[in-house]
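Q: Okay, here's the structure, questions in a sec.
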Number of protein chains: 2
Amino acid sequence: MAKQVVSDSARKRRRPTKQGGVLSEQLIMETALRLLRHHGSAGLSVRRLGAALGADPSTLYRYFRGIDDLTLAIADELIGRSFRGWEPTGDWWRDLHSLGIRSHAAYLDHPQAAVLSASRVSGRTSEKAAVDTILGILREAGFPDGAAVRLYRAFVDQMLAFAALDGAELALPEDVRESDRQLWRSSYAQLPAETHPHIAATAGLLVDLSDRSAYPDALELLLDGARALLHRLDAKRGSATS
Amino acid sequence: MAKQVVSDSARKRRRPTKQGGVLSEQLIMETALRLLRHHGSAGLSVRRLGAALGADPSTLYRYFRGIDDLTLAIADELIGRSFRGWEPTGDWWRDLHSLGIRSHAAYLDHPQAAVLSASRVSGRTSEKAAVDTILGILREAGFPDGAAVRLYRAFVDQMLAFAALDGAELALPEDVRESDRQLWRSSYAQLPAETHPHIAATAGLLVDLSDRSAYPDALELLLDGARALLHRLDAKRGSATS
DNA sequence: TTACACCGTCAACGGTGTTGGCATAAGCTG
DNA sequence: CAGCTTATGCCAACACCGTTGACGGTGTAA
């Protein structure tokens with residue numbers, strides 16, 4: 001079997017597959033993303049991936065230590081894509097806001113991949129770069145290191161968490177999503193005011209909101225909370241030095 | 001096979017299992033929860049659950065339509081537990097904070113169930129009660145209906161999203177979690193300051209934080225952001241009436 | 001006591017990730 | 001161009017997984 005995984009750059013002898021294709025880390029990942037998009041998150045398996053590549057499933061173990069390793073590679077690829085072409089403005093609130101929206105969107109571009117990989121630490125290059133960028137924005141905004149680190153975690157994990165949540169919903173079969181929506185309408189939009197006064201009072205608003213992701217709202221609230229914290233810290237610092 | 005699932009109350013003829021036990025919806029769920037907690041992470045499977053009950057795996061299909069149905073039932077139980085014994089204080093910030101922490105903890109008590117059910121709308125009674133309670137807290141705090149509804153969604157989805165994210169991490173096999181932790185230490189704690197200055201400057205803090213969930217921080221930031229919004233609304237209302 | 005249908009059991013199907021052994025061709029060496 | 005090494009693709013197999021269909025014993029009702 002695959003005694004050890006060889007890094008892609010160190011790979012010299014590229015032997016074509018029985019069906020003629022030549023494998024590479026890149027090709028495998030792209031095929032995996034295609035499979036995820038087309039077949040759903042349950043549709044990615046070593047065997048199916050092998051079939052899509054025209055290669056024996058076990059061959060993939062020459063490139064990835066296991067399916068786990070593959071999902072990490074996918075996650076890193078998604079992180080990299082979300083940072084590609086992004087330019088900082090110098091305004092920490094706006095920069096973090098746009099980064100959050102972009103990353104969330106990049107993950108949701110492949111909802112199933114988001115579900116699989118959101119909770120993993122890849123430790124690969126794109127992830128490291130992203131961590132450093134976000135930490136830098138916070139520290140240069142004036143947050144002390146302790147606060148910056150905790151804010152970084154809250155910011156990133158919130159983005160990942162919403163990506164996984166929204167991704168899971170997007171990944172559901174269309175008929176299930178439709179029936180869920182219908183359930184929401186029938187079950188919540190007509191509750192009597194006696195038992196559920198607040199739902200009854202806001203039923204229309206609730207239904208209007210039920211399609212969109214709550215991430216933009218949650219992101220802005222979190223950043224506003226961070227701004228309030230920054231003001232508190234500034235005030236304390238000001239009174240201490242005066 | 002199980003042509004149809006019979007509801008537990010309608011079940012009359014209880015036949016003991018080959019090993020002597022008598023099954024019930026309740027017993028199955030409790031055993032499943034025990035499996036999830038004790039044998040821990042990836043330890044819930046139909047076969048293992050059957051073995052733990054001293055029954056043939058296929059027997060479970062007389063009680064649940066599938067493993068999906070079982071986990072949804074577990075999730076419903078969890079929602080109920082998280083609200084049991086909770087008492088409002090009248091302080092909206094503290095009430096939402098404690099509700100968030102409690103719900104998050106209740107979900108994480110059984111990570112796999114959290115992962116599988118967080119993105120689903122159950123539409124059952126305890127869920128409806130929760131929605132009404134939270135909406136009520138926000139409206140009575142002084143948020144106008146439009147803001148209250150959006151805040152409700154941001155609050156609930158944030159809790160669910162983090163429950164799913166943290167649950168996914170907890171549900172990982174122990175060796176994978178350990179290797180992720182090790183990855184943080186080896187890969188992040190010793191990056192050179194030239195390429196990753198901000199990571200290098202905060203390496204110690206980052207490592208310290210890598211175990212804990214970021215949810216408490218994210219929750220407080222979100223609630224602080226909501227408070228800032230409330231102040232803005234109050235100021236506007238004050239200037240309008242004066 | 002008889003009849004019925006509930007429900008536990010057995011066996012099997014098709015799927016999954018993963019591994020060890022093997023053969024062959026790619027590319028280095030001369 | 002010839003020969004050697006070994007990287008790498010392929011095959012077969014293992015141990016799981018969720019799920020289903022057929023069967024038959026047994027508790028309950030009539």
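Convention: chains lettered A, B, ... in structure tokens order; per-chain residue numbering from 1; ligands numbered from 1 as shown.
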If chain A is superposed onto chain B by least squares using every Cα atom in order, what is the RMSD, in Å to one decimal?

A: 1.9 Å

Q: Just the residues within 10 Å of DT24 (chain C), please, counting only C-alpha atoms (C1' of nucleotides), with nothing from its chain fewer than 2 positions along; format it as a VMD selection string.

A: (chain C and resid 22 26) or (chain D and resid 8 to 9)

Q: Can you pull out every residue within 9 Å of region 135-144 of chain A, counting only C-alpha atoms (C1' of nucleotides), but drop anything in the same chain fewer than 2 positions away, and send it as a list in words?

A: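 So, after excluding close chain neighbours, the residues are Pro88, Gly90, Asp91, Trp92, Trp93, Asp95, Leu96, Ala130, Val131, Asp132, Thr133, Gly146, Ala147, Ala148, Val149, Leu151, Tyr152, Leu229, Leu230, Leu233 and Asp234 of chain A; Pro197, His198, Ile199 and Thr202 of chain B.
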
Q: Do a neighbour search on region 70-85 of chain B at 6 Å with only C-alpha atoms (C1' of nucleotides), toss out local chain neighbours closer than 2 positions, and write the hits as an mmCIF file with C-alpha atoms, in the first residue's frame.

A:
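Saved file out.cif follows:
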data_model
loop_
_atom_site.group_PDB
_atom_site.id
_atom_site.type_symbol
_atom_site.label_atom_id
_atom_site.label_comp_id
_atom_site.auth_asym_id
_atom_site.auth_seq_id
_atom_site.Cartn_x
_atom_site.Cartn_y
_atom_site.Cartn_z
ATOM 1 C CA PHE B 64 -37.145 4.707 14.547
ATOM 2 C CA ILE B 67 -30.563 6.713 12.496
ATOM 3 C CA ASP B 68 -31.539 10.171 11.315
ATOM 4 C CA ARG B 102 -27.236 26.795 28.540
ATOM 5 C CA SER B 103 -28.431 25.803 25.086
ATOM 6 C CA ALA B 106 -26.948 21.179 26.281
ATOM 7 C CA ALA B 113 -26.700 14.977 17.898
ATOM 8 C CA SER B 126 -40.304 23.056 22.861
#

Q: DSSP on the backbone: what in region 28-237 of chain B comes out helix (DSSP H, G or I), as an MDAnalysis selection string?

A: chainID B and resid 28:37 46:53 57:62 67:83 92:108 111:117 125:140 145:170 174:188 197:201 203:209 215:237

Q: Taking C-alpha atoms for each residue, export the selection above as a compact mmCIF listing (two decimals), in the first residue's frame.

A:
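Below is the file again.txt, written as the result:
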# COMPACT_ATOMS: atom_id res chain seq x y z
CA ILE B 28 -33.21 3.25 23.31
CA MET B 29 -32.70 6.99 23.53
CA GLU B 30 -31.09 6.79 26.93
CA THR B 31 -28.78 4.04 25.76
CA ALA B 32 -27.89 6.09 22.70
CA LEU B 33 -27.07 9.10 24.88
CA ARG B 34 -24.98 6.89 27.14
CA LEU B 35 -23.10 5.55 24.15
CA LEU B 36 -22.49 9.04 22.82
CA ARG B 37 -21.16 10.27 26.11
CA VAL B 46 -27.06 1.12 14.81
CA ARG B 47 -25.05 -2.01 15.31
CA ARG B 48 -23.31 -0.83 18.42
CA LEU B 49 -26.56 0.48 19.83
CA GLY B 50 -28.18 -2.86 19.17
CA ALA B 51 -25.35 -4.64 20.92
CA ALA B 52 -25.57 -2.31 23.91
CA LEU B 53 -29.28 -3.06 24.15
CA PRO B 57 -29.64 -3.98 15.15
CA SER B 58 -32.58 -4.32 12.82
CA THR B 59 -34.94 -4.29 15.79
CA LEU B 60 -34.32 -0.58 16.19
CA TYR B 61 -36.08 0.06 12.93
CA ARG B 62 -39.29 -0.92 14.68
CA ILE B 67 -30.56 6.71 12.50
CA ASP B 68 -31.54 10.17 11.32
CA ASP B 69 -34.88 9.91 13.05
CA LEU B 70 -33.17 8.77 16.20
CA THR B 71 -30.80 11.71 16.33
CA LEU B 72 -33.65 14.15 15.72
CA ALA B 73 -35.50 12.64 18.66
CA ILE B 74 -32.37 13.08 20.75
CA ALA B 75 -32.07 16.69 19.64
CA ASP B 76 -35.65 17.40 20.65
CA GLU B 77 -34.88 16.02 24.06
CA LEU B 78 -31.85 18.30 24.29
CA ILE B 79 -33.85 21.43 23.50
CA GLY B 80 -36.27 20.60 26.26
CA ARG B 81 -33.47 20.02 28.75
CA SER B 82 -31.75 23.31 28.04
CA PHE B 83 -34.84 25.31 28.98
CA TRP B 92 -32.38 41.10 28.81
CA TRP B 93 -28.60 40.92 28.39
CA ARG B 94 -28.13 38.47 31.22
CA ASP B 95 -31.16 36.42 30.25
CA LEU B 96 -30.06 35.97 26.66
CA HIS B 97 -26.53 35.28 27.82
CA SER B 98 -27.57 32.52 30.18
CA LEU B 99 -29.96 31.05 27.62
CA GLY B 100 -27.21 30.99 25.02
CA ILE B 101 -24.71 29.35 27.33
CA ARG B 102 -27.24 26.80 28.54
CA SER B 103 -28.43 25.80 25.09
CA HIS B 104 -24.93 25.58 23.74
CA ALA B 105 -23.91 23.39 26.64
CA ALA B 106 -26.95 21.18 26.28
CA TYR B 107 -26.19 20.55 22.63
CA LEU B 108 -22.54 19.91 23.28
CA PRO B 111 -21.93 16.42 20.04
CA GLN B 112 -23.10 14.08 17.33
CA ALA B 113 -26.70 14.98 17.90
CA ALA B 114 -25.74 18.64 17.76
CA VAL B 115 -24.02 18.24 14.43
CA LEU B 116 -26.86 16.35 12.86
CA SER B 117 -29.73 18.43 14.15
CA THR B 125 -43.48 22.36 20.90
CA SER B 126 -40.30 23.06 22.86
CA GLU B 127 -38.80 24.80 19.87
CA LYS B 128 -41.83 27.05 19.53
CA ALA B 129 -41.72 27.91 23.21
CA ALA B 130 -38.06 28.82 22.91
CA VAL B 131 -38.68 31.11 19.95
CA ASP B 132 -41.46 32.92 21.77
CA THR B 133 -39.43 33.34 24.92
CA ILE B 134 -36.45 34.84 23.13
CA LEU B 135 -38.58 37.16 21.02
CA GLY B 136 -40.33 38.27 24.18
CA ILE B 137 -37.09 39.12 25.93
CA LEU B 138 -35.99 41.28 23.01
CA ARG B 139 -39.29 43.08 22.52
CA GLU B 140 -39.63 43.84 26.19
CA ASP B 145 -40.22 44.42 16.09
CA GLY B 146 -38.02 44.58 12.99
CA ALA B 147 -34.83 44.69 15.01
CA ALA B 148 -36.10 42.13 17.50
CA VAL B 149 -36.77 39.59 14.78
CA ARG B 150 -33.36 40.04 13.19
CA LEU B 151 -31.63 39.90 16.55
CA TYR B 152 -33.55 36.76 17.41
CA ARG B 153 -32.33 35.07 14.25
CA ALA B 154 -28.75 36.19 14.75
CA PHE B 155 -28.79 35.01 18.36
CA VAL B 156 -30.34 31.61 17.72
CA ASP B 157 -28.40 30.86 14.58
CA GLN B 158 -25.18 31.84 16.27
CA MET B 159 -25.90 29.42 19.08
CA LEU B 160 -26.84 26.63 16.70
CA ALA B 161 -23.90 27.32 14.43
CA PHE B 162 -21.41 27.19 17.27
CA ALA B 163 -23.07 24.11 18.68
CA ALA B 164 -22.64 22.40 15.34
CA LEU B 165 -19.08 23.61 14.94
CA ASP B 166 -17.95 22.70 18.43
CA GLY B 167 -19.97 19.51 18.24
CA ALA B 168 -18.23 18.51 15.04
CA GLU B 169 -14.90 19.03 16.71
CA LEU B 170 -15.90 17.04 19.78
CA GLU B 174 -9.67 11.35 19.77
CA ASP B 175 -6.47 10.79 17.84
CA VAL B 176 -7.52 13.30 15.19
CA ARG B 177 -8.29 15.90 17.84
CA GLU B 178 -4.94 15.27 19.44
CA SER B 179 -3.13 15.66 16.15
CA ASP B 180 -4.98 18.91 15.50
CA ARG B 181 -3.86 20.19 18.87
CA GLN B 182 -0.34 19.07 18.15
CA LEU B 183 -0.54 20.82 14.82
CA TRP B 184 -1.32 24.11 16.54
CA ARG B 185 1.65 23.69 18.78
CA SER B 186 4.17 22.58 16.20
CA SER B 187 2.97 24.52 13.20
CA TYR B 188 1.79 27.79 14.70
CA PRO B 197 4.81 38.56 12.51
CA HIS B 198 1.45 38.67 14.26
CA ILE B 199 1.26 34.94 14.88
CA ALA B 200 4.80 34.98 16.22
CA ALA B 201 4.00 37.85 18.56
CA ALA B 203 1.93 32.46 19.76
CA GLY B 204 1.61 31.72 23.45
CA LEU B 205 -1.82 33.28 23.70
CA LEU B 206 -3.00 31.45 20.59
CA VAL B 207 -1.99 28.07 21.93
CA ASP B 208 -3.64 28.74 25.27
CA LEU B 209 -6.89 29.52 23.53
CA TYR B 215 -18.76 30.78 21.70
CA PRO B 216 -18.79 32.63 25.05
CA ASP B 217 -16.69 35.41 23.56
CA ALA B 218 -18.73 35.55 20.38
CA LEU B 219 -21.96 35.58 22.36
CA GLU B 220 -20.88 38.47 24.55
CA LEU B 221 -19.67 40.43 21.55
CA LEU B 222 -22.99 39.90 19.81
CA LEU B 223 -24.97 40.95 22.85
CA ASP B 224 -22.73 44.00 23.31
CA GLY B 225 -23.37 44.87 19.68
CA ALA B 226 -27.09 44.56 20.35
CA ARG B 227 -26.78 46.87 23.34
CA ALA B 228 -24.99 49.45 21.20
CA LEU B 229 -27.83 49.20 18.71
CA LEU B 230 -30.38 49.69 21.47
CA HIS B 231 -28.59 52.84 22.61
CA ARG B 232 -28.59 54.22 19.10
CA LEU B 233 -32.30 53.52 18.77
CA ASP B 234 -33.02 55.12 22.14
CA ALA B 235 -31.03 58.21 21.21
CA LYS B 236 -32.90 58.54 17.94
CA ARG B 237 -36.24 58.08 19.65

Q: Using only C-alpha atoms (C1' of nucleotides), find each residue of chain D with at least one atom at most 12 Å away from an atom of region 9-14 of chain C; report its shortest atom-to-atom pair and that distance in Å (one decimal), sort the rows by chain and rising residue number, and return the result as a Markdown table.

A:
| residue | atom | partner | partner_atom | distance |
| --- | --- | --- | --- | --- |
| D:DC17 | C1' | C:DG14 | C1' | 10.5 |
| D:DG18 | C1' | C:DG14 | C1' | 9.9 |
| D:DT19 | C1' | C:DC13 | C1' | 8.8 |
| D:DT20 | C1' | C:DC13 | C1' | 8.4 |
| D:DG21 | C1' | C:DA12 | C1' | 9.1 |
| D:DA22 | C1' | C:DC10 | C1' | 9.2 |
| D:DC23 | C1' | C:DC10 | C1' | 8.6 |
| D:DG24 | C1' | C:DT9 | C1' | 9.0 |
| D:DG25 | C1' | C:DT9 | C1' | 10.1 |

Q: Could you work out which residues of chain C fall inside 9 Å of chain B? Count only C-alpha atoms (C1' of nucleotides), and format the result as a CSV table (one decimal) with N, CA and C atoms (P, O5', C5', C4', C3', O3' and C1' of nucleotides), in the first residue's frame.

A:
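Produced file result-v4.csv, reproduced below:
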chain,number,residue,atom,x,y,z
C,6,DC,P,-49.9,-5.0,14.4
C,6,DC,O5',-48.9,-4.7,15.6
C,6,DC,C5',-49.2,-5.2,16.9
C,6,DC,C4',-48.0,-5.9,17.6
C,6,DC,C3',-46.7,-5.2,17.5
C,6,DC,O3',-46.1,-5.2,18.8
C,6,DC,C1',-46.4,-7.4,16.9
C,7,DC,P,-45.0,-4.1,19.2
C,7,DC,O5',-43.6,-4.9,19.0
C,7,DC,C5',-43.4,-6.0,19.7
C,7,DC,C4',-42.2,-6.8,19.1
C,7,DC,C3',-41.1,-5.9,18.6
C,7,DC,O3',-39.9,-6.6,19.0
C,7,DC,C1',-41.7,-7.5,17.0
C,8,DG,P,-38.8,-5.8,19.9
C,8,DG,O5',-37.7,-7.0,20.2
C,8,DG,C5',-38.1,-8.2,20.7
C,8,DG,C4',-37.4,-9.4,19.9
C,8,DG,C3',-36.0,-9.1,19.5
C,8,DG,O3',-35.2,-10.2,19.9
C,8,DG,C1',-37.2,-9.8,17.7
C,9,DT,P,-33.6,-10.2,19.5
C,9,DT,O5',-33.6,-11.1,18.2
C,9,DT,C5',-34.2,-12.4,18.2
C,9,DT,C4',-33.9,-13.1,16.9
C,9,DT,C3',-32.5,-13.0,16.4
C,9,DT,O3',-32.0,-14.3,16.0
C,9,DT,C1',-34.0,-12.4,14.7

Q: Provide as a list in words the residues of chain D at most 12 Å from chain A, counting only C-alpha atoms (C1' of nucleotides).

A: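 Therefore, the residues near the partner are DT6, DA7, DT8, DG9, DC10, DC11 and DA12 of chain D.
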
Q: Please compute the CA of His38 (chain A)-CA of Gln19 (chain A) distance, one decimal, in Å.

A: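 These two atoms are separated by 22.3 Å.
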
Q: May I ask for the distance between CA of Ala118 (chain B) and CA of Ser213 (chain A), given in Å to one decimal place?

A: 14.3 Å
